[in-house]
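Content type JSON, C-alpha atoms, from the file run-v4.json:
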[["chain", "number", "residue", "atom", "x", "y", "z"],
["A", 1, "MET", "CA", 212.34, 50.66, 51.06],
["A", 2, "ALA", "CA", 215.04, 49.94, 48.49],
["A", 3, "ARG", "CA", 218.62, 51.07, 49.12],
["A", 4, "TYR", "CA", 220.99, 52.10, 46.34],
["A", 5, "ILE", "CA", 224.72, 52.45, 45.84],
["A", 6, "THR", "CA", 226.74, 54.34, 43.26],
["A", 7, "ILE", "CA", 229.68, 52.58, 41.63],
["A", 8, "THR", "CA", 232.20, 54.79, 39.85],
["A", 9, "LEU", "CA", 235.24, 54.38, 37.65],
["A", 10, "ASP", "CA", 236.76, 57.59, 38.94],
["A", 11, "LYS", "CA", 239.39, 58.44, 36.31],
["A", 12, "ARG", "CA", 236.96, 57.80, 33.47],
["A", 13, "GLY", "CA", 234.14, 59.68, 35.23],
["A", 14, "VAL", "CA", 231.61, 56.89, 34.62],
["A", 15, "ALA", "CA", 229.11, 55.79, 37.26],
["A", 16, "CYS", "CA", 226.19, 53.42, 37.62],
["A", 17, "ARG", "CA", 223.49, 52.96, 40.23],
["A", 18, "ALA", "CA", 222.74, 49.57, 41.81],
["A", 19, "ARG", "CA", 219.90, 48.42, 44.06],
["A", 20, "LEU", "CA", 220.89, 46.35, 47.08],
["A", 21, "LEU", "CA", 219.32, 42.88, 47.20],
["A", 22, "ASP", "CA", 218.39, 43.03, 50.88],
["A", 23, "ASP", "CA", 215.94, 40.13, 50.66],
["A", 24, "GLU", "CA", 218.34, 37.77, 48.86],
["A", 25, "ALA", "CA", 221.60, 38.71, 50.63],
["A", 26, "PRO", "CA", 220.78, 40.54, 53.88],
["A", 27, "ARG", "CA", 224.06, 39.85, 55.71],
["A", 28, "THR", "CA", 226.20, 40.86, 52.74],
["A", 29, "CYS", "CA", 224.12, 43.99, 52.07],
["A", 30, "LYS", "CA", 224.44, 45.04, 55.72],
["A", 31, "ALA", "CA", 228.20, 44.45, 55.75],
["A", 32, "VAL", "CA", 228.77, 46.42, 52.55],
["A", 33, "TRP", "CA", 226.35, 49.26, 53.41],
["A", 34, "ASP", "CA", 227.90, 49.72, 56.86],
["A", 35, "ALA", "CA", 231.42, 49.83, 55.35],
["A", 36, "LEU", "CA", 230.72, 52.38, 52.60],
["A", 37, "PRO", "CA", 232.37, 54.29, 51.06],
["A", 38, "GLN", "CA", 235.02, 51.93, 49.70],
["A", 39, "SER", "CA", 237.52, 52.60, 46.93],
["A", 40, "GLY", "CA", 240.63, 51.00, 45.50],
["A", 41, "SER", "CA", 242.63, 50.30, 42.38],
["A", 42, "ALA", "CA", 240.48, 48.96, 39.54],
["A", 43, "TYR", "CA", 241.33, 45.64, 37.91],
["A", 44, "HIS", "CA", 239.84, 43.83, 34.94],
["A", 45, "ALA", "CA", 239.48, 40.12, 35.73],
["A", 46, "LYS", "CA", 241.57, 37.67, 33.72],
["A", 47, "TYR", "CA", 239.63, 34.55, 34.60],
["A", 48, "ALA", "CA", 236.01, 35.60, 34.95],
["A", 49, "ARG", "CA", 235.78, 37.40, 31.59],
["A", 50, "ASN", "CA", 233.56, 40.52, 31.91],
["A", 51, "GLU", "CA", 234.40, 41.72, 35.41],
["A", 52, "VAL", "CA", 235.86, 44.88, 36.90],
["A", 53, "TYR", "CA", 236.75, 44.80, 40.59],
["A", 54, "THR", "CA", 238.68, 46.36, 43.41],
["A", 55, "LEU", "CA", 240.37, 44.87, 46.46],
["A", 56, "VAL", "CA", 239.86, 46.62, 49.80],
["A", 57, "PRO", "CA", 240.73, 45.65, 53.38],
["A", 58, "PRO", "CA", 238.35, 43.13, 54.96],
["A", 59, "PHE", "CA", 235.45, 45.01, 56.54],
["A", 60, "ALA", "CA", 232.82, 42.43, 57.49],
["A", 61, "GLU", "CA", 232.94, 41.21, 61.08],
["A", 62, "PRO", "CA", 231.55, 38.67, 61.25],
["A", 63, "LYS", "CA", 231.96, 37.66, 57.63],
["A", 64, "PRO", "CA", 228.60, 37.26, 55.90],
["A", 65, "GLY", "CA", 229.23, 33.70, 54.73],
["A", 66, "ARG", "CA", 227.61, 32.34, 51.60],
["A", 67, "GLU", "CA", 224.30, 33.86, 50.56],
["A", 68, "ASN", "CA", 222.83, 34.34, 47.12],
["A", 69, "PRO", "CA", 226.01, 32.76, 45.70],
["A", 70, "THR", "CA", 226.87, 32.35, 42.04],
["A", 71, "ILE", "CA", 229.67, 31.10, 39.83],
["A", 72, "THR", "CA", 227.94, 32.42, 36.69],
["A", 73, "PRO", "CA", 227.21, 36.13, 37.28],
["A", 74, "ILE", "CA", 225.11, 37.96, 34.72],
["A", 75, "PRO", "CA", 225.40, 41.52, 33.38],
["A", 76, "GLY", "CA", 224.57, 43.99, 36.14],
["A", 77, "ASP", "CA", 225.47, 41.70, 39.05],
["A", 78, "VAL", "CA", 227.44, 43.30, 41.88],
["A", 79, "VAL", "CA", 229.32, 40.65, 43.83],
["A", 80, "TYR", "CA", 231.16, 40.38, 47.18],
["A", 81, "PHE", "CA", 234.08, 38.00, 47.70],
["A", 82, "GLY", "CA", 235.99, 37.58, 50.96],
["A", 83, "PHE", "CA", 239.51, 36.23, 50.38],
["A", 84, "GLU", "CA", 242.07, 34.95, 52.83],
["A", 85, "ALA", "CA", 245.66, 36.09, 52.23],
["A", 86, "TRP", "CA", 246.74, 32.73, 50.82],
["A", 87, "GLU", "CA", 243.97, 32.80, 48.19],
["A", 88, "ILE", "CA", 245.06, 35.88, 46.24],
["A", 89, "GLY", "CA", 248.65, 36.79, 47.13],
["A", 90, "ASN", "CA", 250.18, 34.66, 44.36],
["A", 91, "PRO", "CA", 252.84, 36.81, 42.61],
["A", 92, "ALA", "CA", 251.75, 35.38, 39.25],
["A", 93, "TYR", "CA", 248.48, 37.32, 39.54],
["A", 94, "GLY", "CA", 250.39, 40.54, 38.89],
["A", 95, "TYR", "CA", 249.27, 42.66, 41.84],
["A", 96, "ASP", "CA", 251.66, 45.37, 43.02],
["A", 97, "GLU", "CA", 253.54, 44.44, 46.20],
["A", 98, "ASP", "CA", 251.75, 47.16, 48.20],
["A", 99, "SER", "CA", 248.24, 46.19, 47.02],
["A", 100, "GLU", "CA", 245.52, 44.69, 49.20],
["A", 101, "ALA", "CA", 246.18, 41.35, 47.48],
["A", 102, "HIS", "CA", 249.29, 41.00, 49.64],
["A", 103, "SER", "CA", 247.70, 41.97, 52.96],
["A", 104, "ASP", "CA", 248.18, 39.59, 55.88],
["A", 105, "GLN", "CA", 244.44, 39.94, 56.61],
["A", 106, "GLY", "CA", 243.36, 38.95, 53.09],
["A", 107, "ALA", "CA", 241.07, 41.22, 51.11],
["A", 108, "THR", "CA", 237.50, 41.95, 50.20],
["A", 109, "ASP", "CA", 236.80, 41.93, 46.47],
["A", 110, "LEU", "CA", 233.90, 44.11, 45.29],
["A", 111, "ALA", "CA", 233.09, 43.38, 41.67],
["A", 112, "ILE", "CA", 230.73, 44.35, 38.89],
["A", 113, "PHE", "CA", 229.89, 42.19, 35.91],
["A", 114, "TYR", "CA", 229.05, 43.89, 32.65],
["A", 115, "GLY", "CA", 228.68, 41.16, 30.04],
["A", 116, "ARG", "CA", 227.59, 37.58, 29.46],
["A", 117, "ASN", "CA", 229.38, 34.23, 29.67],
["A", 118, "ASN", "CA", 231.16, 34.83, 32.99],
["A", 119, "LEU", "CA", 232.49, 31.86, 34.91],
["A", 120, "LEU", "CA", 234.05, 32.23, 38.34],
["A", 121, "ILE", "CA", 236.86, 29.71, 38.20],
["A", 122, "ASN", "CA", 240.51, 30.14, 39.07],
["A", 123, "GLY", "CA", 243.12, 27.80, 37.64],
["A", 124, "ASP", "CA", 244.90, 27.60, 41.00],
["A", 125, "ALA", "CA", 241.89, 27.32, 43.31],
["A", 126, "GLY", "CA", 238.92, 25.99, 41.31],
["A", 127, "TRP", "CA", 235.40, 27.42, 41.66],
["A", 128, "VAL", "CA", 235.19, 30.85, 43.30],
["A", 129, "PRO", "CA", 231.56, 31.52, 44.29],
["A", 130, "GLY", "CA", 230.65, 35.07, 45.21],
["A", 131, "ASN", "CA", 227.65, 36.68, 46.91],
["A", 132, "VAL", "CA", 225.43, 38.68, 44.56],
["A", 133, "PHE", "CA", 224.34, 41.60, 46.75],
["A", 134, "ALA", "CA", 223.17, 44.25, 44.26],
["A", 135, "THR", "CA", 221.98, 44.69, 40.70],
["A", 136, "ILE", "CA", 222.85, 47.61, 38.43],
["A", 137, "GLU", "CA", 219.66, 49.38, 37.38],
["A", 138, "GLU", "CA", 221.04, 52.58, 35.80],
["A", 139, "GLY", "CA", 224.19, 53.23, 33.80],
["A", 140, "LEU", "CA", 225.11, 49.66, 32.81],
["A", 141, "ALA", "CA", 225.64, 50.56, 29.14],
["A", 142, "GLU", "CA", 228.03, 53.39, 30.06],
["A", 143, "MET", "CA", 229.84, 51.18, 32.57],
["A", 144, "THR", "CA", 230.15, 48.44, 29.95],
["A", 145, "ALA", "CA", 231.80, 50.84, 27.50],
["A", 146, "ALA", "CA", 234.19, 52.04, 30.22],
["A", 147, "ALA", "CA", 234.99, 48.45, 31.24],
["A", 148, "GLN", "CA", 235.81, 47.58, 27.64],
["A", 149, "ASP", "CA", 238.09, 50.62, 27.57],
["A", 150, "LEU", "CA", 239.82, 49.28, 30.70],
["A", 151, "TRP", "CA", 240.33, 45.94, 28.97],
["A", 152, "LEU", "CA", 241.71, 47.50, 25.78],
["A", 153, "ARG", "CA", 243.75, 50.40, 27.20],
["A", 154, "GLY", "CA", 244.65, 49.25, 30.71],
["A", 155, "VAL", "CA", 243.69, 49.98, 34.29],
["A", 156, "GLU", "CA", 246.71, 52.03, 35.36],
["A", 157, "GLY", "CA", 245.65, 54.89, 37.61],
["A", 158, "GLU", "CA", 241.96, 53.89, 37.61],
["A", 159, "THR", "CA", 240.00, 53.44, 40.83],
["A", 160, "LEU", "CA", 236.67, 51.74, 41.42],
["A", 161, "SER", "CA", 234.57, 53.36, 44.14],
["A", 162, "PHE", "CA", 231.44, 52.23, 45.94],
["A", 163, "ALA", "CA", 229.30, 54.73, 47.90],
["A", 164, "ARG", "CA", 225.81, 55.07, 49.26],
["A", 165, "ALA", "CA", 223.50, 56.73, 46.72]]
Could you spell out this file's structure in structure tokens?
Amino acid sequence: MARYITITLDKRGVACRARLLDDEAPRTCKAVWDALPQSGSAYHAKYARNEVYTLVPPFAEPKPGRENPTITPIPGDVVYFGFEAWEIGNPAYGYDEDSEAHSDQGATDLAIFYGRNNLLINGDAGWVPGNVFATIEEGLAEMTAAAQDLWLRGVEGETLSFARA
């Protein structure tokens, strides 16, 4: 039986529904499902192009490792990244000092992709593969419009939340 999550840009009141890809990414789906709900400051990715994400404390123990990885996510992909502290704490990235990006434990990045031509590469680190663990099946058009609004008007005060549907 399929499992679903709801992903919400809270301040904008926009949500979408995504189906977990249990067959393609079972370890990642289990780790995320068991850790829900999760919520944190929303960011629009500089490098990837059409990505909105949040950073939360690491929650997977053990870490799921690579499964169903991509460096070219497509619209509707929901992706998990596990980062060590040294990978994202660079002050040049612009994260507030009290954000999860500066945690000694590193951070988990939960991301949605809403458009085409994404490429997961970081100028400091190179390729950044992520685990595709869900696909947005409802509300992608509304989320795309909200993500574009984030890009044009800023992310200040916005949170991205993930919950069981």
- prompt: Which residues come within 8 Å of segment 1-10 of chain A, counting all atoms listed in the file, excluding same-chain residues fewer than 4 positions away, as number ranges by chain?
  reply: A: 14-20, 42, 146, 158-165
message: Excluding Arg116 of chain A and its own-chain neighbours fewer than 2 positions away, which residues fall within 9 Å of it when counting all atoms listed in the file? Please give them as JSON, numbers by chain.
response: {"A": [49, 50, 72, 73, 74, 75, 113, 114, 118]}
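Between Met143 of chain A and the residues A:Trp33, A:Val52, A:Asp98, A:Val79, the shortest atom-to-atom distance, using only C-alpha atoms, involves A:Val52.
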message: Residues within 8 Å of Leu110 of chain A, please, as a list in words. Count all atoms listed in the file; anything in the same chain fewer than 2 positions from it doesn't count.
response: Tyr53, Thr54, Leu55, Val56, Val78, Val79, Tyr80, Phe81, Thr108 and Ile112 of chain A
- line: Min atom-atom distance to Asp149 of chain A from the set A:Gln105, A:His44, A:Pro58, A:Arg27, counting only C-alpha atoms, belongs to A:His44
Given only C-alpha atoms as the counted atoms, nearest of A:Arg12, A:Arg153, A:Lys30, A:Lys46 to Gly123 of chain A: A:Lys46
Neighbours of Tyr47 of chain A within 8 Å (all atoms listed in the file; same-chain residues fewer than 5 positions away dropped), as a short mmCIF file (atom, residue, chain, number, x, y, z; two decimals) with C-alpha atoms, in the coordinates of the input?
data_model
loop_
_atom_site.label_atom_id
_atom_site.label_comp_id
_atom_site.auth_asym_id
_atom_site.auth_seq_id
_atom_site.Cartn_x
_atom_site.Cartn_y
_atom_site.Cartn_z
CA LEU A 119 232.49 31.86 34.91
CA LEU A 120 234.05 32.23 38.34
CA ILE A 121 236.86 29.71 38.20
CA ASN A 122 240.51 30.14 39.07
#
task: Calculate how many Å separate atom CA of Ala141 of chain A from atom CA of Pro129 of chain A, rounding to one decimal.
output: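 Atom-to-atom, atom CA of Ala141 of chain A and atom CA of Pro129 of chain A are spaced 25.0 Å apart.
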task: Between A:Leu36, A:Asp23, A:Gly130, A:Gly13, single out the one closest to Ile71 of chain A, counting all atoms listed in the file.
output: A:Gly130
task: Between A:Asp77, A:Val155, A:Glu61, A:Glu97, single out the one closest to Ile136 of chain A, counting all atoms listed in the file.
output: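 Under the stated criterion, the closest residue is A:Asp77.
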field: Distance criterion (all atoms listed in the file): nearest to Ala111 of chain A out of A:Tyr43, A:Trp151, A:Phe59, A:Trp86
entry: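 Going through A:Tyr43, A:Trp151, A:Phe59, A:Trp86 one by one, the smallest distance to Ala111 of chain A is for A:Tyr43.
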